Each structure stands twice: as structure tokens, then as C-alpha cells.
Number of protein chains: 2
Amino acid sequence: MDSRDRRRAATLAEIKAAARRLLVSGGSAGVGLRAVARELGLTPPALYRYFPSHEALIGALIADLYDELTTALMDLQCADEDADLGARLYLLANGLRDWALAHPAEFGLLFGTAVPEPDGDGHEETPGHQAAMRFGALFKELVAQIWHQKPFPHPADDELGTVLVEQLTAESEHFHGMPPGAIYLSLNYWTRLYGLICMEVFGQLHWVLPDAAAYFEAQLFEIGQALGLDCPEPE
Amino acid sequence: MDSRDRRRAATLAEIKAAARRLLVSGGSAGVGLRAVARELGLTPPALYRYFPSHEALIGALIADLYDELTTALMDLQCADEDADLGARLYLLANGLRDWALAHPAEFGLLFGTAVPEPDGDGHEETPGHQAAMRFGALFKELVAQIWHQKPFPHPADDELGTVLVEQLTAESEHFHGMPPGAIYLSLNYWTRLYGLICMEVFGQLHWVLPDAAAYFEAQLFEIGQALGLDCPEPE
DNA sequence: GTTAACAGTTAACGCTGTTCACTCAAGCTC
DNA sequence: GAGCTTGAGTGAACAGCGTTAACTGTTAAC
């Protein structure tokens with residue numbers, strides 16, 4: 001009952017490796033159930049011993065990719081153990097962009113398609129969703145650390161409007177008790193970073209900026225300032 | 001040769017209407033060639049009299065949707081003929097968000113998928129691409145008008161770095177001769193607006209903000225300020 | 001009135017995800 | 001060790017997909 005399980009785990013890893021290979025070479029459309037089976041010299045129905053459907057296979061691949069990205073970013077920001085928190089956020093943001101540019105197909109699979117609405121009742125608890133949460137926590141944790149080490153100036157409640165303050169306050173526990181204005185700036189950081197990288201990777205930017213590296217750098221400086229950080233000046 | 005052409009144009013419109021219907025009801029995956037044919041009571045090969053491939057049909061649908069969005073936004077900002085330019089930009093931004101939220105499937109088809117790289121030599125001249133250009137021109141024109149009416153303070157060249165200034169200057173003609181710093185702020189406006197709407201529509205935001213309307217309003221105020229506008233204060 | 005062009009159909013090909021019935025080898029129990 | 005069970009893998013099949021080829025009517029033009 002042991003060597004049996006090991007063999008199963010091995011082929012399961014092989015399946016996901018083949019799927020990954022097909023994703024890189026042919027985009028998300030290229031990773032079909034039959035194509036994966038062909039890659040392994042198996043017949044298509046054999047894969048149903050490991051995944052209940054094609055969608056489940058893709059879901060497992062997504063979860064794996066999220067985890068890979070998360071650990072890659074953790075390694076990156078923990079490499080300079082004595083780096084200050086601002087530098088770590090800078091590493092995180094740049095690391096995310098580098099990963100996205102180096103693995104556009106994988107990034108597209110993770111962030112390019114629409115996330116299904118949270119079905120209200122039972123929290124959509126797919127492995128991919130959980131992995132995405134772990135990924136998102138990276139940023140929340142780091143921003144909260146930055147805040148608690150040196151609180152940055154943030155908009156007052158009456159500048160944000162009562163509705164927004166109420167919504168942000170509801171998220172306060174997820175941000176380690178930060179005030180609404182500080183959560184607003186953190187959300188701003190994430191929103192702009194995410195938007196920038198998506199636009200660059202998905203090519204929505206290179207009809208005006210063929211190489212968006214300098215623009216990204218300038219924007220990173222700008223959004224870091226809002227969090228009280230002085231990131232490296234652009235060139 | 002006249003009633004013939006009219007009949008052809010009519011069925012062509014019917015095809016695109018059916019495709020649109022399927023897009024709304026079943027997402028971009030639902031608008032298949034056979035499904036469109038079924039919707040019209042035709043056999044699948046009949047559609048090849050009107051489009052050389054399924055991809056071409058989707059392309060035509062995309063172009064139509066771009067044009068619909070463009071004219072809708074033009075109508076919106078021209079309804080108040082005497083509104084000042086800042087208010088028109090505000091209408092444009094809010095109109096885009098409203099359209100995206102009201103037509104998520106259409107928005108996903110237009111902006112959700114990756115844009116193919118510009119192939120360098122011959123400018124990718126699909127109808128969809130041209131329509132996207134007309135859409136993008138809406139913003140460029142309006143921002144340029146705002147700039148020429150009342151130039152807003154913008155970062156100096158040495159604040160942006162030589163590389164970025166060079167790239168922005170190359171785009172100067174498309175922005176009616178605006179200086180690099182002003183183009184930078186315009187790009188910033190578009191980038192943030194686009195990122196915000198994409199995140200909201202694609203559900204990447206509603207795990208932290210179930211209703212992003214207030215956040216959007218606050219951000220719109222912020223990015224408008226950078227262009228020297230005083231948009232309506234949040235609530 | 002003949003001819004040519006065109007809309008549309010039927011049949012088929014190769015592809016996809018998926019299911020069912022089956023085989024064969026490995027592991028456990030008596 | 002014999003018998004049984006479990007599970008990995010196969011082959012055949014189904015429905016649906018985009019696409020092509022050959023064919024049938026209808027309709028406009030000379």
C-alpha cells in the first residue's frame with residue numbers, strides 16, 4: 001500500500017508536468033486532456049483515474065502554479081534577510097512582474113480569466129482558490145508589517161466617504177487592525193501593481209509603450225511613496 | 001444586385017445578433033459556430049458564406065462591440081454639450097465602468113483576452129484592432145483637449161528618467177504635442193482606470209470589496225486630480 | 001431563355017471531453 | 001501458495017466541435 005501510492009503520486013506529478021509543458025508551448029488552449037495523455041503515452045481515459053474531469057486537471061495546475069509563484073516570491077524577499085520592509089515590498093512587486101513576463105502563459109492562466117463569483121453560501125473552496133489566498137496573504141502581511149513598523153500618512157475617514165470607510169473597516173481584521181485610510185492605500189498599491197502587470201503581459205500596453213519597464217519602475221516609485229517608502233529613484 | 005445585397009446584409013446582421021445573444025447568455029465559450037447556426041435555424045456550413053472561419057466571426061463581433069461601446073461613450077459625453085471637459089472625462093470613465101458592469105461577457109471578450117503582439121512589419125489591421133484604436137482615441141482626444149485648455153502640472157523630465165522620457169516623447173504626436181510629463185499622467189489615468197474596471201468586472205476585487213463602487217469613485221477622484229480636475233467629491 | 005452566381009444542404013473528416021465495459025497485474029487475506 | 005480484491009490502463013463508442021467537398025435549388029443578369 002506504499003509503493004502503490006508512491007507510483008500513483010509519481011504519475012500524478014508527471015501528468016501535471018506534461019500539462020505545464022503544454023501550457024508553456026501552446027498556451028492555455030494547448031493543454032487539452034487528450035494532448036496531456038498523448039504527451040505521456042497514455043490513452044485519454046487513463047487520466048480519469050487521477051482527475052475527475054479536464055477542468056479539475058486545470059484546477060490542480062492552477063493551484064500548483066499559485067504555490068510555485070508564492071514560494072518563489074517568498075524566497076526572493078527572504079534572500080536579503082536584513083533588507084528593510086520597503087525593499088522587500090519592492091522585491092515582491094518586481095519579482096511578480098519578472099515572473100509574469102518570464103511565464104506569460106502561466107500568468108495568463110492564473111490571472112487572465114475571470115474568477116467565478118463567490119457563490120455566497122459555501123465559500124468557493126477549490127484548491128486554486130485557497131492557493132490564491134495564500135498568494136494574496138503575502139502582500140497583506142508585508143504591507144501590514146510596514147504599517148506597524150512605521151505608520152504612513154493616510155487619508156482621513158471623511159476624505160474617503162462613509163460607505164467606503166465602512167467597507168474598509170470590515171476588512172480591518174484581515175489587515176492586522178490597520179485603519180481604513182491605511183487599508184485604502186494598501187488596496188491602492190495592489191490594484192495599481194496588478195493592473196500594470198496585467199496590461200503589460202497581456203499586451204494592452206505595448207501599442208503605446210513597446211517596453212514598459214521604465215514606466216513600471218516610475219509607477220512603482222509612485223505607489224511606494226504613498227506607503228511612506230522611498231524606493232530606488234528611477235535611474 | 002440590390003435586393004440580393006440587402007438580404008445578405010440582413011442575414012449577416014442576424015448572425016452577429018445571434019452571436020451576441022449567445023455571448024451574453026453563455027459567455028465567450030458559448031458562441032460557437034454550430035450554436036450560432038442552430039440559433040438561426042441554419043446548418044453550420046451555411047455560415048461560411050458569410051465568414052471565412054469561426055475566428056473571423058468572433059473578430060467581427062469584437063469590432064461591432066468596440067464600435068457600440070465607442071458610440072455609446074461618445075453619446076454620453078456629448079449629451080451635456082455645455083459640460084466642461086473635466087466633467088466629460090468623468091462621464092467617460094463612469095460610462096465605461098457602467099457599460100462593463102452591465103455587459104460583463106462583452107467586456108470580457110473585448111478586454112479579457114490577450115492581445116496578440118504587434119507583428120512588427122505589417123500593422124495588425126484586423127477590424128477589431130481598428131475599432132479598438134477608435135475607442136482608444138476617445139480618451140487621447142479628450143485628455144489632449146483638457147491639456148490644451150488648461151495645462152496641468154506634470155512631472156519634470158528628470159523626474160521620469162531619460163528612458164521613459166524618450167519613449168513618451170515618441171508618442172507625443174499621438175497626444176497632440178503634449179510634453180512627456182503630461183503624457184505620463186494621461187497614461188497613468190488610463191492605466192489605473194482600465195486596471196480598476198478589469199479587476200472589478202473579472203471579480204478579482206470582490207473578495208476584498210463586495211461592492212467596489214465607492215472605491216472606484218474615490219480612485220476616480222484621485223486620478224482626476226492628477227490631471228488638474230476637481231471631480232465631484234465622494235459623497 | 002439560357003447561364004452564371006449564390007444561399008443553403010448533406011455527408012464526411014479529424015478533433016475534443018467523457019463514459020462504459022473490459023483486461024491485466026499487484027497486493028492482501030486465508 | 002490459492003483466491004479475491006483493488007486499481008491502473010485499454011478499446012470502443014457517444015456527442016459535440018470547426019471545417020471541407022460535392023451537391024441542390026433559387027435568383028439575378030445577359
# chains A, B, ... in the order shown; residues from 1 in each chain; ligands from 1
>>> residues_around(residues="DC30 (chain D)", least_positions_apart="6", cutoff="12 Å", atoms="only C-alpha atoms (C1' of nucleotides)", output="PyMOL selection string")
chain C and resi 1-4
>>> interface_residues(of="chain C", to="chain B", cutoff="10 Å", atoms="only C-alpha atoms (C1' of nucleotides)", output="JSON, numbers by chain")
{"C": [6, 7, 8, 9, 10]}
>>> write_last_selection(atoms="all heavy atoms", output="tab-separated table (two decimals), in the first residue's frame")
chain	number	residue	atom	x	y	z
C	6	DC	P	-21.31	35.66	-56.56
C	6	DC	OP1	-20.92	37.07	-56.43
C	6	DC	OP2	-20.30	34.58	-56.55
C	6	DC	O5'	-22.40	35.32	-55.47
C	6	DC	C5'	-23.78	35.67	-55.69
C	6	DC	C4'	-24.69	34.72	-54.94
C	6	DC	O4'	-24.97	33.54	-55.74
C	6	DC	C3'	-24.11	34.19	-53.62
C	6	DC	O3'	-25.03	34.44	-52.58
C	6	DC	C2'	-23.97	32.69	-53.87
C	6	DC	C1'	-25.11	32.46	-54.84
C	6	DC	N1	-24.99	31.19	-55.60
C	6	DC	C2	-26.12	30.36	-55.72
C	6	DC	O2	-27.19	30.73	-55.19
C	6	DC	N3	-26.02	29.19	-56.38
C	6	DC	C4	-24.86	28.84	-56.93
C	6	DC	N4	-24.82	27.68	-57.59
C	6	DC	C5	-23.70	29.67	-56.84
C	6	DC	C6	-23.80	30.82	-56.17
C	7	DA	P	-24.56	34.43	-51.07
C	7	DA	OP1	-24.58	35.82	-50.56
C	7	DA	OP2	-23.33	33.63	-51.00
C	7	DA	O5'	-25.74	33.63	-50.34
C	7	DA	C5'	-27.09	34.01	-50.60
C	7	DA	C4'	-28.02	32.87	-50.18
C	7	DA	O4'	-27.88	31.79	-51.13
C	7	DA	C3'	-27.73	32.29	-48.80
C	7	DA	O3'	-28.96	32.07	-48.12
C	7	DA	C2'	-26.99	31.00	-49.10
C	7	DA	C1'	-27.56	30.58	-50.45
C	7	DA	N9	-26.59	29.87	-51.29
C	7	DA	C8	-25.30	30.24	-51.57
C	7	DA	N7	-24.66	29.40	-52.36
C	7	DA	C5	-25.60	28.40	-52.61
C	7	DA	C6	-25.54	27.22	-53.38
C	7	DA	N6	-24.47	26.84	-54.06
C	7	DA	N1	-26.65	26.45	-53.42
C	7	DA	C2	-27.74	26.84	-52.74
C	7	DA	N3	-27.90	27.94	-51.98
C	7	DA	C4	-26.79	28.68	-51.96
C	8	DG	P	-28.92	31.61	-46.61
C	8	DG	OP1	-30.19	32.03	-45.98
C	8	DG	OP2	-27.63	32.08	-46.05
C	8	DG	O5'	-28.89	30.02	-46.69
C	8	DG	C5'	-30.01	29.35	-47.27
C	8	DG	C4'	-29.66	27.90	-47.52
C	8	DG	O4'	-28.64	27.81	-48.54
C	8	DG	C3'	-29.06	27.15	-46.33
C	8	DG	O3'	-30.08	26.39	-45.67
C	8	DG	C2'	-28.00	26.23	-46.93
C	8	DG	C1'	-28.05	26.54	-48.41
C	8	DG	N9	-26.72	26.57	-49.00
C	8	DG	C8	-25.73	27.50	-48.80
C	8	DG	N7	-24.63	27.23	-49.46
C	8	DG	C5	-24.91	26.05	-50.12
C	8	DG	C6	-24.11	25.27	-51.00
C	8	DG	O6	-22.94	25.49	-51.36
C	8	DG	N1	-24.78	24.15	-51.45
C	8	DG	C2	-26.07	23.82	-51.12
C	8	DG	N2	-26.57	22.70	-51.64
C	8	DG	N3	-26.84	24.53	-50.31
C	8	DG	C4	-26.19	25.63	-49.85
C	9	DT	P	-29.64	25.34	-44.55
C	9	DT	OP1	-30.82	25.17	-43.67
C	9	DT	OP2	-28.36	25.75	-43.98
C	9	DT	O5'	-29.43	23.99	-45.37
C	9	DT	C5'	-30.47	23.48	-46.20
C	9	DT	C4'	-30.02	22.19	-46.87
C	9	DT	O4'	-28.88	22.48	-47.72
C	9	DT	C3'	-29.57	21.11	-45.89
C	9	DT	O3'	-30.38	19.95	-46.02
C	9	DT	C2'	-28.11	20.82	-46.25
C	9	DT	C1'	-27.93	21.45	-47.62
C	9	DT	N1	-26.58	22.06	-47.77
C	9	DT	C2	-25.65	21.47	-48.59
C	9	DT	O2	-25.86	20.45	-49.23
C	9	DT	N3	-24.45	22.13	-48.64
C	9	DT	C4	-24.09	23.27	-47.98
C	9	DT	O4	-22.98	23.76	-48.09
C	9	DT	C5	-25.11	23.83	-47.12
C	9	DT	C7	-24.84	25.08	-46.34
C	9	DT	C6	-26.29	23.22	-47.06
C	10	DT	P	-30.32	18.82	-44.89
C	10	DT	OP1	-31.63	18.16	-44.85
C	10	DT	OP2	-29.75	19.42	-43.69
C	10	DT	O5'	-29.25	17.79	-45.46
C	10	DT	C5'	-29.49	17.15	-46.72
C	10	DT	C4'	-28.27	16.32	-47.12
C	10	DT	O4'	-27.16	17.20	-47.41
C	10	DT	C3'	-27.77	15.35	-46.04
C	10	DT	O3'	-27.63	14.05	-46.60
C	10	DT	C2'	-26.44	15.95	-45.59
C	10	DT	C1'	-25.98	16.69	-46.83
C	10	DT	N1	-25.09	17.85	-46.57
C	10	DT	C2	-23.87	17.94	-47.21
C	10	DT	O2	-23.46	17.11	-47.99
C	10	DT	N3	-23.15	19.06	-46.90
C	10	DT	C4	-23.52	20.07	-46.03
C	10	DT	O4	-22.78	21.03	-45.82
C	10	DT	C5	-24.79	19.91	-45.39
C	10	DT	C7	-25.29	20.95	-44.43
C	10	DT	C6	-25.52	18.82	-45.69
>>> interface_residues(of="chain D", to="chain B", cutoff="8 Å", atoms="only C-alpha atoms (C1' of nucleotides)", output="PDB file with C-alpha atoms (C1' of nucleotides), in the first residue's frame")
ATOM      1  C1'  DC D  17     -16.811  20.971 -32.154  1.00  0.00           C
ATOM      2  C1'  DG D  18     -14.693  23.649 -36.589  1.00  0.00           C
ATOM      3  C1'  DA D  28     -30.438  37.909 -60.777  1.00  0.00           C
TER       4       DA D  28
END
>>> interface_residues(of="chain B", to="chain A", cutoff="8 Å", atoms="only C-alpha atoms", output="VMD selection string")
chain B and resid 108 112 to 118 159 to 164 167 to 168 171 191 to 192 194 to 196 198 to 199 202 to 204 207 to 209 214 to 215 218 234 to 235
>>> select_by_dssp(residues="region 18-47 of chain B", states="alpha helix (DSSP H)", output="PyMOL selection string")
chain B and resi 18-30+33-40
>>> residues_around(residues="Ala17 (chain A)", least_positions_apart="4", cutoff="12 Å", atoms="only C-alpha atoms (C1' of nucleotides)", output="list in words")
Ala10, Thr11, Leu12, Ala13, Arg21, Leu22, Leu23, Val24, Val31, Val36, Ala37, Glu39, Leu40, Leu57, Ile58, Ala60, Leu61, Asp64 and Leu65 of chain A
